[in-house]
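Reproduced below: query-v2.cif, with mmCIF, C-alpha atoms and all ligand atoms.
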```cif
data_entry
loop_
_atom_site.label_atom_id
_atom_site.label_comp_id
_atom_site.auth_asym_id
_atom_site.auth_seq_id
_atom_site.Cartn_x
_atom_site.Cartn_y
_atom_site.Cartn_z
CA MET A 93 47.05 193.41 -124.24
CA LYS A 94 47.41 196.90 -122.79
CA GLY A 95 48.52 198.55 -126.05
CA LYS A 96 45.95 196.70 -128.13
CA GLY A 97 43.09 197.66 -125.83
CA GLY A 98 43.99 201.31 -126.22
CA ALA A 99 44.23 201.06 -130.02
CA ALA A 100 40.79 199.42 -130.42
CA ARG A 101 39.24 202.03 -128.12
CA ALA A 102 40.91 204.87 -130.04
CA VAL A 103 39.47 203.52 -133.32
CA ALA A 104 36.00 203.25 -131.75
CA ALA A 105 36.24 206.79 -130.34
CA ARG A 106 37.11 208.16 -133.78
CA ALA A 107 34.13 206.31 -135.27
CA GLY A 108 31.85 207.68 -132.53
CA ALA A 109 33.04 211.24 -133.23
CA LYS A 110 32.31 210.80 -136.95
CA VAL A 111 28.77 209.62 -136.15
CA GLU A 112 28.22 212.72 -134.04
CA ALA A 113 29.42 214.82 -136.98
CA GLY A 114 26.60 213.31 -139.07
CA MET A 115 28.14 210.25 -140.72
CA HIS A 116 26.12 207.03 -140.79
CA LEU A 117 27.38 204.45 -138.30
CA PRO A 118 28.45 201.69 -140.74
CA GLN A 119 30.41 204.16 -142.89
CA ALA A 120 31.99 205.85 -139.83
CA LEU A 121 33.15 202.53 -138.44
CA ASP A 122 34.33 201.34 -141.82
CA GLN A 123 36.47 204.49 -142.27
CA ALA A 124 37.89 204.30 -138.76
CA LEU A 125 38.77 200.60 -139.13
CA ARG A 126 40.11 200.75 -142.68
CA HIS A 127 43.75 201.69 -142.01
CA SER A 128 43.76 200.82 -138.31
CA GLY A 129 45.86 197.66 -138.62
CA LEU A 130 43.73 196.09 -135.86
CA GLU A 131 43.52 192.32 -135.64
CA PRO A 132 40.12 190.66 -136.14
CA ARG A 133 39.45 190.30 -132.41
CA ASP A 134 40.18 193.98 -131.75
CA ARG A 135 38.12 195.01 -134.78
CA GLY A 136 35.25 193.03 -133.27
CA PHE A 137 35.71 194.81 -129.93
CA ALA A 138 35.85 198.26 -131.58
CA THR A 139 32.65 197.38 -133.48
CA GLU A 140 30.90 196.18 -130.34
CA ILE A 141 31.65 199.31 -128.28
CA THR A 142 30.86 201.70 -131.15
CA TYR A 143 27.44 200.13 -131.76
CA GLY A 144 26.74 199.52 -128.06
CA SER A 145 27.47 203.09 -127.04
CA GLU A 146 25.20 204.43 -129.81
CA ARG A 147 22.49 201.97 -128.73
CA TRP A 148 22.67 203.21 -125.12
CA ARG A 149 23.80 206.79 -125.79
CA SER A 150 21.35 208.82 -123.65
CA LEU A 151 21.55 206.47 -120.66
CA LEU A 152 25.35 206.56 -120.78
CA ASP A 153 25.34 210.36 -120.94
CA TYR A 154 22.95 210.42 -117.99
CA SER A 155 25.40 208.26 -116.01
CA LEU A 156 28.33 210.48 -116.94
CA ARG A 157 26.82 213.89 -116.20
CA PRO A 158 27.12 213.87 -112.37
CA HIS A 159 30.89 213.45 -112.73
CA LEU A 160 31.56 216.32 -115.13
CA ARG A 161 32.14 219.94 -114.20
CA ARG A 162 31.12 221.25 -117.62
CA PRO A 163 28.31 220.13 -119.94
CA LEU A 164 29.09 216.93 -121.85
CA LYS A 165 28.17 218.60 -125.15
CA THR A 166 30.99 221.16 -124.78
CA LEU A 167 33.69 218.45 -124.71
CA ASP A 168 35.70 217.49 -127.78
CA PRO A 169 33.64 214.85 -129.68
CA THR A 170 36.43 212.24 -129.51
CA VAL A 171 36.75 212.70 -125.74
CA ARG A 172 32.97 212.51 -125.40
CA SER A 173 33.01 209.24 -127.36
CA LEU A 174 35.78 207.82 -125.18
CA LEU A 175 33.81 208.65 -122.03
CA ARG A 176 30.57 207.26 -123.45
CA GLN A 177 32.22 204.09 -124.69
CA GLY A 178 34.12 203.65 -121.42
CA THR A 179 30.84 203.99 -119.51
CA TYR A 180 29.27 201.42 -121.84
CA GLN A 181 32.07 198.97 -121.09
CA LEU A 182 31.66 199.52 -117.35
CA LEU A 183 27.89 199.56 -117.03
CA LYS A 184 26.69 197.37 -119.89
CA LEU A 185 29.56 194.98 -120.60
CA GLY A 186 30.64 194.75 -116.96
CA LEU A 187 34.36 194.90 -117.86
CA PRO A 188 36.79 195.42 -114.94
CA ALA A 189 37.33 199.08 -113.98
CA TYR A 190 41.15 198.95 -114.17
CA ALA A 191 41.12 197.65 -117.76
CA VAL A 192 38.54 200.18 -118.95
CA VAL A 193 40.10 203.17 -117.20
CA ASP A 194 43.71 202.41 -118.21
CA SER A 195 42.95 201.55 -121.84
CA SER A 196 40.58 204.48 -122.33
CA THR A 197 43.19 206.87 -120.90
CA GLU A 198 45.77 205.39 -123.25
CA ALA A 199 43.29 205.70 -126.14
CA ALA A 200 42.89 209.43 -125.40
CA ALA A 201 46.59 209.89 -126.14
CA LEU A 202 46.39 207.67 -129.25
CA CYS A 203 43.63 209.75 -130.79
CA GLY A 204 45.31 213.09 -130.26
CA ALA A 205 43.44 214.00 -127.08
CA GLY A 206 46.38 213.53 -124.70
CA ALA A 207 45.41 216.67 -122.80
CA ALA A 208 42.17 214.97 -121.74
CA ARG A 209 43.85 211.89 -120.25
CA GLY A 210 43.37 213.10 -116.68
CA LEU A 211 39.71 213.86 -117.31
CA VAL A 212 39.03 210.47 -118.94
CA ASN A 213 40.81 208.68 -116.11
CA ALA A 214 39.05 210.53 -113.28
CA VAL A 215 35.55 210.48 -114.76
CA LEU A 216 35.59 206.78 -115.68
CA ARG A 217 36.94 205.95 -112.23
CA ARG A 218 33.96 207.72 -110.69
CA VAL A 219 31.49 206.03 -113.04
CA ALA A 220 33.01 202.68 -112.05
CA GLU A 221 32.62 203.52 -108.36
CA GLN A 222 29.11 204.94 -108.47
CA GLY A 223 27.41 203.06 -111.32
CA GLN A 224 24.22 204.20 -112.98
CA PRO A 225 22.26 206.90 -111.13
CA ALA A 226 18.59 206.33 -110.23
CA LEU A 227 16.18 207.08 -113.09
CA PRO A 228 13.80 210.07 -112.88
CA GLU A 229 10.38 209.51 -111.29
CA HIS A 230 8.47 210.78 -114.33
CA ASP A 231 7.34 207.64 -116.20
CA GLY A 232 7.93 208.91 -119.76
CA GLU A 233 11.39 210.25 -118.95
CA ALA A 234 12.32 207.05 -117.11
CA LEU A 235 11.12 204.94 -120.05
CA ALA A 236 13.11 207.06 -122.51
CA LEU A 237 16.28 206.70 -120.42
CA ARG A 238 15.87 203.03 -119.47
CA TYR A 239 15.67 202.11 -123.18
CA ALA A 240 17.87 204.98 -124.38
CA HIS A 241 15.54 206.60 -126.93
CA PRO A 242 14.69 210.30 -127.47
CA LEU A 243 11.80 211.40 -125.26
CA TRP A 244 9.76 212.78 -128.19
CA LEU A 245 9.94 209.42 -129.94
CA VAL A 246 8.88 207.52 -126.84
CA ARG A 247 5.90 209.88 -126.46
CA ARG A 248 5.00 209.38 -130.10
CA TRP A 249 5.06 205.57 -129.71
CA VAL A 250 3.18 205.56 -126.38
CA GLU A 251 0.45 207.65 -128.01
CA ARG A 252 0.15 205.26 -130.98
CA LEU A 253 0.86 201.85 -129.43
CA GLY A 254 -0.08 202.37 -125.76
CA ARG A 255 2.43 202.11 -122.92
CA GLU A 256 2.82 198.34 -123.15
CA GLY A 257 3.18 198.26 -126.93
CA ALA A 258 5.71 201.09 -126.84
CA GLU A 259 7.76 199.39 -124.14
CA ALA A 260 7.81 196.13 -126.10
CA LEU A 261 9.11 198.00 -129.15
CA LEU A 262 11.72 199.89 -127.11
CA ARG A 263 12.91 196.64 -125.51
CA ARG A 264 13.22 194.96 -128.91
CA ASN A 265 15.15 197.90 -130.33
CA GLN A 266 17.77 197.48 -127.59
CA GLU A 267 18.46 193.82 -128.33
CA VAL A 268 21.55 193.01 -130.39
CA PRO A 269 20.18 191.75 -133.72
CA GLN A 270 21.16 188.54 -135.44
CA LEU A 271 22.75 188.74 -138.86
CA VAL A 272 20.30 187.49 -141.51
CA LEU A 273 21.44 186.28 -144.94
CA ARG A 274 19.56 185.46 -148.12
CA VAL A 275 21.04 182.37 -149.71
CA ASN A 276 21.67 182.81 -153.44
CA ARG A 277 19.47 180.08 -154.94
CA THR A 278 21.17 180.39 -158.33
CA ARG A 279 24.52 179.41 -156.78
CA THR A 280 23.86 176.97 -153.95
CA THR A 281 21.23 175.29 -151.81
CA MET A 282 20.11 175.91 -148.24
CA ALA A 283 21.49 172.53 -147.17
CA GLN A 284 24.89 173.26 -148.74
CA SER A 285 25.07 176.73 -147.20
CA ILE A 286 24.16 175.50 -143.75
CA ALA A 287 26.79 172.75 -144.08
CA THR A 288 29.44 175.32 -145.09
CA PHE A 289 28.76 177.40 -141.96
CA ALA A 290 28.69 174.30 -139.77
CA ALA A 291 32.07 173.21 -141.16
CA ALA A 292 33.45 176.61 -140.11
CA GLY A 293 32.04 176.10 -136.60
CA ILE A 294 29.33 178.77 -137.03
CA ALA A 295 25.83 177.87 -135.83
CA VAL A 296 23.03 179.10 -138.11
CA ARG A 297 19.27 178.68 -138.03
CA GLU A 298 16.58 178.76 -140.67
CA VAL A 299 13.90 181.47 -140.51
CA GLN A 300 10.26 180.42 -140.43
CA ASP A 301 8.30 181.32 -143.60
CA LEU A 302 11.40 182.47 -145.49
CA PRO A 303 12.72 179.59 -147.61
CA TRP A 304 16.08 181.22 -148.39
CA ALA A 305 16.95 182.90 -145.10
CA ILE A 306 19.49 181.87 -142.50
CA ALA A 307 20.26 183.73 -139.27
CA LEU A 308 23.43 183.68 -137.20
CA HIS A 309 25.25 185.54 -134.46
CA ALA A 310 28.22 187.28 -136.04
CA GLY A 311 30.25 190.43 -135.49
CA GLY A 312 31.00 193.09 -138.04
CA ASP A 313 33.32 191.32 -140.47
CA VAL A 314 30.80 190.06 -143.03
CA PRO A 315 33.27 189.41 -145.92
CA ALA A 316 35.21 187.04 -143.65
CA LEU A 317 32.21 184.69 -143.36
CA PRO A 318 32.30 181.47 -145.43
CA GLY A 319 30.68 181.66 -148.85
CA PHE A 320 30.91 185.46 -149.19
CA GLY A 321 33.61 185.41 -151.87
CA GLN A 322 31.74 182.66 -153.74
CA GLY A 323 28.58 184.81 -153.88
CA ASP A 324 26.62 182.19 -151.95
CA TRP A 325 24.57 184.75 -150.01
CA GLN A 326 23.83 188.40 -149.38
CA VAL A 327 22.95 190.16 -146.11
CA GLN A 328 19.23 190.94 -146.03
CA ASP A 329 16.96 191.32 -143.00
CA VAL A 330 13.84 189.23 -142.40
CA GLY A 331 11.34 192.02 -143.20
CA ALA A 332 13.17 193.01 -146.37
CA GLN A 333 13.36 189.40 -147.60
CA ALA A 334 9.67 188.94 -146.90
CA VAL A 335 8.83 191.97 -149.06
CA GLY A 336 10.84 190.50 -151.94
CA GLU A 337 9.22 187.07 -151.59
CA ALA A 338 5.77 188.71 -151.86
CA VAL A 339 6.52 190.10 -155.35
CA GLY A 340 4.76 188.07 -158.06
CA GLN A 341 6.39 186.55 -161.15
CA ALA A 342 7.07 189.16 -163.83
CA GLU A 343 8.46 189.22 -167.35
CA PHE A 344 9.78 192.69 -166.53
CA PHE A 345 10.47 193.64 -162.91
CA LEU A 346 11.47 197.20 -161.98
CA GLU A 347 12.68 198.43 -158.62
CA SER A 348 12.24 202.16 -158.24
CA ALA A 349 14.68 203.77 -155.72
CA CYS A 350 16.70 200.54 -155.50
CA GLY A 351 19.61 201.92 -153.46
CA ARG A 352 22.39 199.34 -153.16
CA GLY A 353 20.18 196.92 -155.06
CA THR A 354 19.59 194.23 -152.45
CA LYS A 355 15.93 193.79 -153.35
CA THR A 356 16.62 194.04 -157.08
CA LEU A 357 19.20 191.27 -156.78
CA GLN A 358 16.77 189.17 -154.78
CA GLN A 359 14.41 189.44 -157.77
CA ALA A 360 17.24 188.55 -160.14
CA GLU A 361 17.41 185.27 -158.20
CA ARG A 362 13.61 184.79 -158.40
CA GLN A 363 12.49 186.18 -161.75
CA PRO A 364 12.91 184.56 -165.17
CA GLY A 365 12.76 187.80 -167.19
CA ARG A 366 14.20 191.30 -167.25
CA VAL A 367 15.17 192.75 -163.86
CA ALA A 368 16.05 196.44 -163.50
CA GLY A 369 16.73 198.85 -160.65
CA VAL A 370 16.84 202.63 -160.71
CA ASP A 371 18.18 205.09 -158.15
CA VAL A 372 19.25 208.70 -158.08
CA ASP A 373 22.44 207.95 -156.10
CA ALA A 374 25.33 206.89 -158.37
CA ASP A 375 27.51 205.74 -155.43
CA ARG A 376 24.85 203.33 -154.24
CA LEU A 377 24.43 202.02 -157.78
CA ARG A 378 28.16 201.34 -157.97
CA GLU A 379 27.87 199.24 -154.81
CA ALA A 380 24.85 197.47 -156.31
CA GLU A 381 26.89 196.58 -159.39
CA ILE A 382 29.74 195.19 -157.25
CA GLU A 383 27.22 193.02 -155.40
CA ARG A 384 25.62 191.90 -158.68
CA ARG A 385 28.99 190.66 -159.92
CA ARG A 386 29.81 188.97 -156.61
CA LEU A 387 26.50 187.11 -156.70
CA GLY A 388 26.84 186.27 -160.43
CA LEU A 389 23.37 187.60 -161.33
CA THR A 390 21.86 189.37 -164.33
CA ALA A 391 20.26 192.76 -163.59
CA GLU A 392 20.42 196.29 -164.99
CA PHE A 393 21.04 199.35 -162.83
CA HIS A 394 20.10 202.82 -164.07
CA ALA A 395 20.85 206.25 -162.62
CA SER A 396 17.73 208.39 -162.76
CA ASP A 397 15.27 210.31 -160.66
CA ALA A 398 12.48 207.82 -160.00
CA ARG A 399 9.91 210.63 -160.21
CA SER A 400 10.50 210.99 -163.96
CA LEU A 401 11.56 207.64 -165.38
CA PRO A 402 12.80 207.22 -168.94
CA ASP A 403 10.49 205.34 -171.37
CA GLU A 404 12.78 202.27 -171.42
CA LEU A 405 11.91 201.70 -167.75
CA THR A 406 8.13 201.78 -168.11
CA GLY A 407 5.64 199.01 -168.83
CA ALA A 408 6.83 196.71 -166.01
CA ASP A 409 4.64 193.82 -164.81
CA ALA A 410 5.77 194.33 -161.25
CA VAL A 411 7.22 197.48 -159.67
CA LEU A 412 8.78 197.55 -156.22
CA LEU A 413 9.14 200.90 -154.46
CA ASP A 414 11.15 200.49 -151.26
CA ALA A 415 10.91 204.16 -150.56
CA PRO A 416 13.33 206.48 -148.75
CA CYS A 417 11.96 206.86 -145.23
CA SER A 418 12.80 207.67 -141.61
CA THR A 419 14.26 204.11 -141.24
CA LEU A 420 12.87 204.02 -137.70
CA GLY A 421 12.01 200.34 -138.18
CA VAL A 422 15.69 199.38 -138.20
CA VAL A 423 16.81 201.04 -134.97
CA GLN A 424 17.82 197.63 -133.61
CA ARG A 425 20.41 197.26 -136.37
CA ARG A 426 21.17 200.97 -136.79
CA PRO A 427 21.00 202.58 -133.33
CA ASP A 428 22.33 205.93 -134.61
CA VAL A 429 19.08 206.44 -136.54
CA LYS A 430 17.02 207.27 -133.44
CA TRP A 431 19.34 210.19 -132.54
CA ARG A 432 19.21 211.55 -136.09
CA ARG A 433 15.45 211.93 -136.50
CA GLN A 434 13.50 215.10 -135.70
CA PRO A 435 9.81 215.24 -134.76
CA ALA A 436 9.02 217.85 -137.41
CA GLU A 437 10.22 215.75 -140.34
CA PHE A 438 7.27 213.34 -140.50
CA ALA A 439 4.80 215.86 -141.85
CA ARG A 440 7.04 216.31 -144.94
CA ARG A 441 7.42 212.61 -145.65
CA THR A 442 3.96 211.81 -147.06
CA ALA A 443 4.31 214.12 -150.06
CA LEU A 444 7.55 212.49 -151.31
CA GLN A 445 6.11 209.00 -150.89
CA VAL A 446 3.01 209.94 -152.89
CA GLU A 447 5.14 211.48 -155.63
CA LEU A 448 7.31 208.35 -155.89
CA LEU A 449 4.24 206.11 -155.75
CA ARG A 450 2.56 208.01 -158.62
CA ALA A 451 5.67 207.55 -160.74
CA ALA A 452 5.80 203.84 -159.82
CA VAL A 453 2.17 203.45 -160.92
CA ALA A 454 2.96 205.20 -164.21
CA ALA A 455 5.85 202.76 -164.79
CA CYS A 456 3.61 199.72 -164.22
CA ARG A 457 1.47 198.25 -167.02
CA PRO A 458 -2.31 198.14 -166.42
CA GLY A 459 -3.05 194.90 -164.53
CA GLY A 460 0.42 194.88 -162.95
CA VAL A 461 1.19 195.17 -159.25
CA ILE A 462 3.08 197.89 -157.37
CA THR A 463 4.67 196.74 -154.10
CA TYR A 464 5.33 199.59 -151.70
CA SER A 465 7.53 199.10 -148.65
CA VAL A 466 9.40 201.17 -146.07
CA CYS A 467 11.58 200.18 -143.12
CA SER A 468 9.36 202.20 -140.83
CA GLN A 469 5.99 201.77 -139.20
CA GLU A 470 5.20 205.50 -138.82
CA PRO A 471 1.76 206.32 -140.32
CA GLU A 472 2.95 209.34 -142.34
CA GLU A 473 5.11 207.10 -144.53
CA THR A 474 3.05 203.89 -144.43
CA THR A 475 -0.75 203.91 -144.36
CA VAL A 476 -1.28 207.63 -145.08
CA PRO A 477 0.36 207.69 -148.55
CA ILE A 478 -1.35 204.40 -149.49
CA GLU A 479 -4.76 205.78 -148.46
CA GLU A 480 -4.09 208.86 -150.56
CA MET A 481 -3.16 206.71 -153.58
CA LEU A 482 -6.33 204.62 -153.25
CA GLN A 483 -8.51 207.71 -153.60
CA SER A 484 -7.91 207.88 -157.37
CA GLY A 485 -9.90 204.70 -158.08
CA ASP A 486 -7.21 203.46 -160.51
CA LEU A 487 -5.71 201.11 -157.96
CA ARG A 488 -6.98 198.16 -155.96
CA LEU A 489 -5.44 196.90 -152.76
CA VAL A 490 -4.03 193.34 -152.95
CA GLU A 491 -5.30 191.57 -149.83
CA ALA A 492 -2.91 188.56 -149.75
CA ALA A 493 -0.64 188.65 -146.71
CA PRO A 494 3.13 188.56 -147.31
CA PRO A 495 5.34 186.01 -145.52
CA CYS A 496 6.16 187.00 -141.92
CA ALA A 497 3.16 189.40 -141.76
CA GLN A 498 2.69 190.45 -138.13
CA ALA A 499 -0.49 192.44 -138.26
CA PRO A 500 -2.92 193.31 -141.05
CA LEU A 501 -3.76 197.02 -141.15
CA GLU A 502 -6.66 198.72 -142.98
CA VAL A 503 -4.22 199.19 -145.83
CA GLY A 504 -1.15 196.97 -145.89
CA PHE A 505 0.76 194.85 -143.40
CA LEU A 506 3.35 195.22 -140.69
CA LEU A 507 6.41 192.99 -141.10
CA PRO A 508 9.40 192.85 -138.73
CA GLY A 509 10.66 196.45 -138.76
CA MET A 510 8.77 197.22 -141.97
CA PHE A 511 5.50 198.08 -143.63
CA MET A 512 4.29 196.73 -146.98
CA ALA A 513 1.26 197.27 -149.20
CA GLN A 514 0.52 195.99 -152.72
CA LEU A 515 -1.60 197.86 -155.24
CA ARG A 516 -2.91 196.46 -158.51
CA ARG A 517 -3.15 199.00 -161.33
CA VAL A 518 -6.69 198.56 -162.66
CA HIS A 519 -6.66 200.90 -165.68
C1 LIG B 601 15.27 202.64 -148.62
S1 LIG B 601 16.49 202.99 -149.80
C2 LIG B 601 16.29 201.64 -150.91
C3 LIG B 601 16.94 200.38 -150.40
C4 LIG B 601 16.88 199.23 -151.37
N1 LIG B 601 15.54 198.90 -151.74
C5 LIG B 601 17.56 197.97 -150.81
O1 LIG B 601 16.86 197.06 -150.38
O2 LIG B 601 18.81 197.95 -150.78
C6 LIG B 601 15.78 204.34 -150.66
C7 LIG B 601 16.55 204.84 -151.85
O3 LIG B 601 15.79 205.88 -152.46
C8 LIG B 601 16.68 206.65 -153.21
N2 LIG B 601 15.97 207.86 -153.65
C9 LIG B 601 15.54 208.90 -152.92
N3 LIG B 601 14.90 209.78 -153.69
C10 LIG B 601 14.93 209.29 -154.96
C11 LIG B 601 14.45 209.74 -156.22
N4 LIG B 601 13.79 210.89 -156.33
N5 LIG B 601 14.68 208.98 -157.28
C12 LIG B 601 15.36 207.81 -157.20
N6 LIG B 601 15.83 207.33 -156.04
C13 LIG B 601 15.63 208.07 -154.93
C14 LIG B 601 17.84 206.85 -152.28
O4 LIG B 601 19.02 207.17 -153.00
C15 LIG B 601 17.91 205.46 -151.60
O5 LIG B 601 18.87 204.68 -152.22
#
```

Output the structure of this file as structure tokens.
Amino acid sequence: MKGKGGAARAVAARAGAKVEAGMHLPQALDQALRHSGLEPRDRGFATEITYGSERWRSLLDYSLRPHLRRPLKTLDPTVRSLLRQGTYQLLKLGLPAYAVVDSSTEAAALCGAGAARGLVNAVLRRVAEQGQPALPEHDGEALALRYAHPLWLVRRWVERLGREGAEALLRRNQEVPQLVLRVNRTRTTMAQSIATFAAAGIAVREVQDLPWAIALHAGGDVPALPGFGQGDWQVQDVGAQAVGEAVGQAEFFLESACGRGTKTLQQAERQPGRVAGVDVDADRLREAEIERRRLGLTAEFHASDARSLPDELTGADAVLLDAPCSTLGVVQRRPDVKWRRQPAEFARRTALQVELLRAAVAACRPGGVITYSVCSQEPEETTVPIEEMLQSGDLRLVEAAPPCAQAPLEVGFLLPGMFMAQLRRVH
């Protein structure tokens, strides 16, 4: 066990260092795991401590600081990750001190930081002895640390949602999310899918208001789950599925800025006619195509800037724009996002959304509906661009609530982790 514990921790530390260097968490973990040779259980452990230490990053750093002679930020990123992840195991997972200290020290050597073995050993020993220090008296700072979010973001949410609303959001963001799947209705049925999971000893539950969703507790290894290779389902969160289910029937459906194509493929399962997705990122489109084949669906993917679409992609009955955004609505699933954002970026976001929305309107036939969504609930990328679009008089707000709507706003709806508004093109 000793050697294995060190190897899993070394892999996680490498992933953590990549995240700090700017890589997105799923890609960083994927790269670190790829040639690791770890067994499934150790892969699961590496995944758990990589995600957990990102989820609790600022609180873990706060617990480490009293035991360091030099600032944490001046340490080698891999060593910093080892310390953070070791502190996570001690304070949040409650693992025994001897196991955490020994294996983390061993991991330091395994990831080329042998010189820091003494430091890792001594600091984690002290964290184990002294636990988490008392939080500051200042309410905002204490809230930010207790739920491990940047202070500026906590202030922003307290201002908008009130203290209670902000705390509820912060608490939810810190919960480990369930994995949600969309069952491929062209391949199987809900009953069959649920039976397949049950036969594998995996408990799943249905999701209220979403006829094709099932939720389960599962670690990182999605392709190992039953039915993946058969194309029986695709991973898609509740809010995202709800957006797709709100799209009306269309002879020609277009998704503008379709990314890896999850929502386009959902429409390929729902729509009788032509289904197309367009994105500027060729790598994402390649992944979309791989998923299309796995699911056995018919859909076209085009590489283009969605702000100037080719003629062949205009005249759609329904256009979905799931726009690039701060992604602050998915912090629960992607804890690295909250450390990436900057307060100044929001002001810039409205202009891009309006530009993409104008192009989506131009691609929609008169009488058709444009569905706009973002995995964020920040006004600059939700209500503000929609209000700006409504000023032209060429669009009318669709009032019908989507499935899973949490709260109607003046323009649009909040869904779990998301915002959605639908606009009918009048002229
Ligand atoms: C939120 S993601 C879309 C996710 C997708 N709807 C899904 O469910 O998988 C936003 C996408 O916008 C794309 N994007 C950003 N600017 C764009 C532009 N000018 N034209 C086309 N796509 C763009 C990004 O490449 C990214 O894939």

Kindly assemble as a Markdown table a list of the chain A residues that lie within 8 Å of ligand LIG 601 (chain B), each paired with its nearest atom pair and their distance in Å to one decimal, using only C-alpha atoms and all ligand atoms, sorted first by chain and then by ascending residue number.
```
| residue | atom | partner | partner_atom | distance |
| --- | --- | --- | --- | --- |
| A:Gln328 | CA | B:LIG601 | O1 | 7.9 |
| A:Ala332 | CA | B:LIG601 | O1 | 6.8 |
| A:Glu347 | CA | B:LIG601 | N1 | 7.5 |
| A:Ser348 | CA | B:LIG601 | C12 | 6.5 |
| A:Ala349 | CA | B:LIG601 | N6 | 3.8 |
| A:Cys350 | CA | B:LIG601 | N1 | 4.3 |
| A:Gly351 | CA | B:LIG601 | O5 | 3.1 |
| A:Arg352 | CA | B:LIG601 | O2 | 4.5 |
| A:Gly353 | CA | B:LIG601 | O2 | 4.6 |
| A:Thr354 | CA | B:LIG601 | O2 | 4.2 |
| A:Lys355 | CA | B:LIG601 | O1 | 4.5 |
| A:Thr356 | CA | B:LIG601 | N1 | 7.3 |
| A:Val370 | CA | B:LIG601 | C12 | 6.4 |
| A:Asp371 | CA | B:LIG601 | N6 | 3.9 |
| A:Val372 | CA | B:LIG601 | C12 | 4.1 |
| A:Asp373 | CA | B:LIG601 | O4 | 4.7 |
| A:Arg376 | CA | B:LIG601 | O5 | 6.5 |
| A:Ala395 | CA | B:LIG601 | C12 | 7.9 |
| A:Ser396 | CA | B:LIG601 | C12 | 6.1 |
| A:Asp397 | CA | B:LIG601 | N5 | 3.7 |
| A:Ala398 | CA | B:LIG601 | N5 | 3.7 |
| A:Arg399 | CA | B:LIG601 | N4 | 5.5 |
| A:Leu413 | CA | B:LIG601 | N1 | 7.2 |
| A:Asp414 | CA | B:LIG601 | N1 | 4.7 |
| A:Ala415 | CA | B:LIG601 | C6 | 4.9 |
| A:Pro416 | CA | B:LIG601 | C6 | 3.8 |
| A:Cys417 | CA | B:LIG601 | C1 | 6.3 |
| A:Thr419 | CA | B:LIG601 | C1 | 7.6 |
| A:Leu448 | CA | B:LIG601 | N4 | 7.0 |
| A:Val466 | CA | B:LIG601 | C1 | 6.6 |
| A:Cys467 | CA | B:LIG601 | C1 | 7.1 |
```

### For Phe511 (chain A), the nearest of the candidates A:Ala436, A:Ala493, A:Val314, A:Leu346, counting only C-alpha atoms
A:Ala493

### Residues near Leu175 (chain A), cut-off 8 Å, only C-alpha atoms, skip fewer than 5 positions along chain, as a PyMOL selection string
chain A and resi 156+196+212+215-216

Listing only residues of region 358-415 of chain A within 7 Å of region 337-344 of chain A, what is the closest atom pair and its distance in Å (to one decimal) for each, using only C-alpha atoms, sorted by chain and residue number ascending, as CSV?
```
residue,atom,partner,partner_atom,distance
A:Gln363,CA,A:Gln341,CA,6.1
A:Pro364,CA,A:Glu343,CA,6.8
A:Gly365,CA,A:Glu343,CA,4.5
A:Arg366,CA,A:Phe344,CA,4.7
A:Val367,CA,A:Phe344,CA,6.0
A:Ala408,CA,A:Phe344,CA,5.0
A:Asp409,CA,A:Ala342,CA,5.3
A:Ala410,CA,A:Ala342,CA,5.9
```

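Using only C-alpha atoms, the residues found no farther than 6 Å from region 146-155 of chain A, other than those of its own chain fewer than 4 positions away, are A:Arg176, A:Gln224, A:Pro225, A:Leu237, A:Ala240, A:Pro427, A:Asp428.
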
### Query
Hey, which of A:Ala138, A:Ala452, A:Cys496, A:Leu482 ends up closest to Gln300 (chain A)? Count all atoms listed in the file.
A:Cys496

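Using all atoms listed in the file for every distance, the candidate list A:Asn213, A:Ser173, A:Val518, A:Ala391 yields A:Val518 as the residue closest to Ser484 (chain A).
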
### Message
What's the separation between CA of His159 (chain A) and CA of Arg172 (chain A), in Å to one decimal place?
### Response
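Separating CA of His159 (chain A) from CA of Arg172 (chain A) is a distance of 12.9 Å.
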
### Query
Looking at all atoms listed in the file, which of A:Pro269, A:Pro158, A:Gly485, A:Gly407 is the one that sits closest to Tyr143 (chain A)?
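Going through A:Pro269, A:Pro158, A:Gly485, A:Gly407 one by one, the smallest distance to Tyr143 (chain A) is for A:Pro269.
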
### Query
Any idea what's packed within 8 Å of Thr170 (chain A), counting all atoms listed in the file, ignoring anything in its chain fewer than 6 positions away? Could you give it as a PyMOL selection string?
chain A and resi 105-106+108-109+203+205

### Query
Mind pulling up the distance from CA of Asp329 (chain A) to CA of Gln424 (chain A)?
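Here the two named atoms are 11.3 Å from each other.
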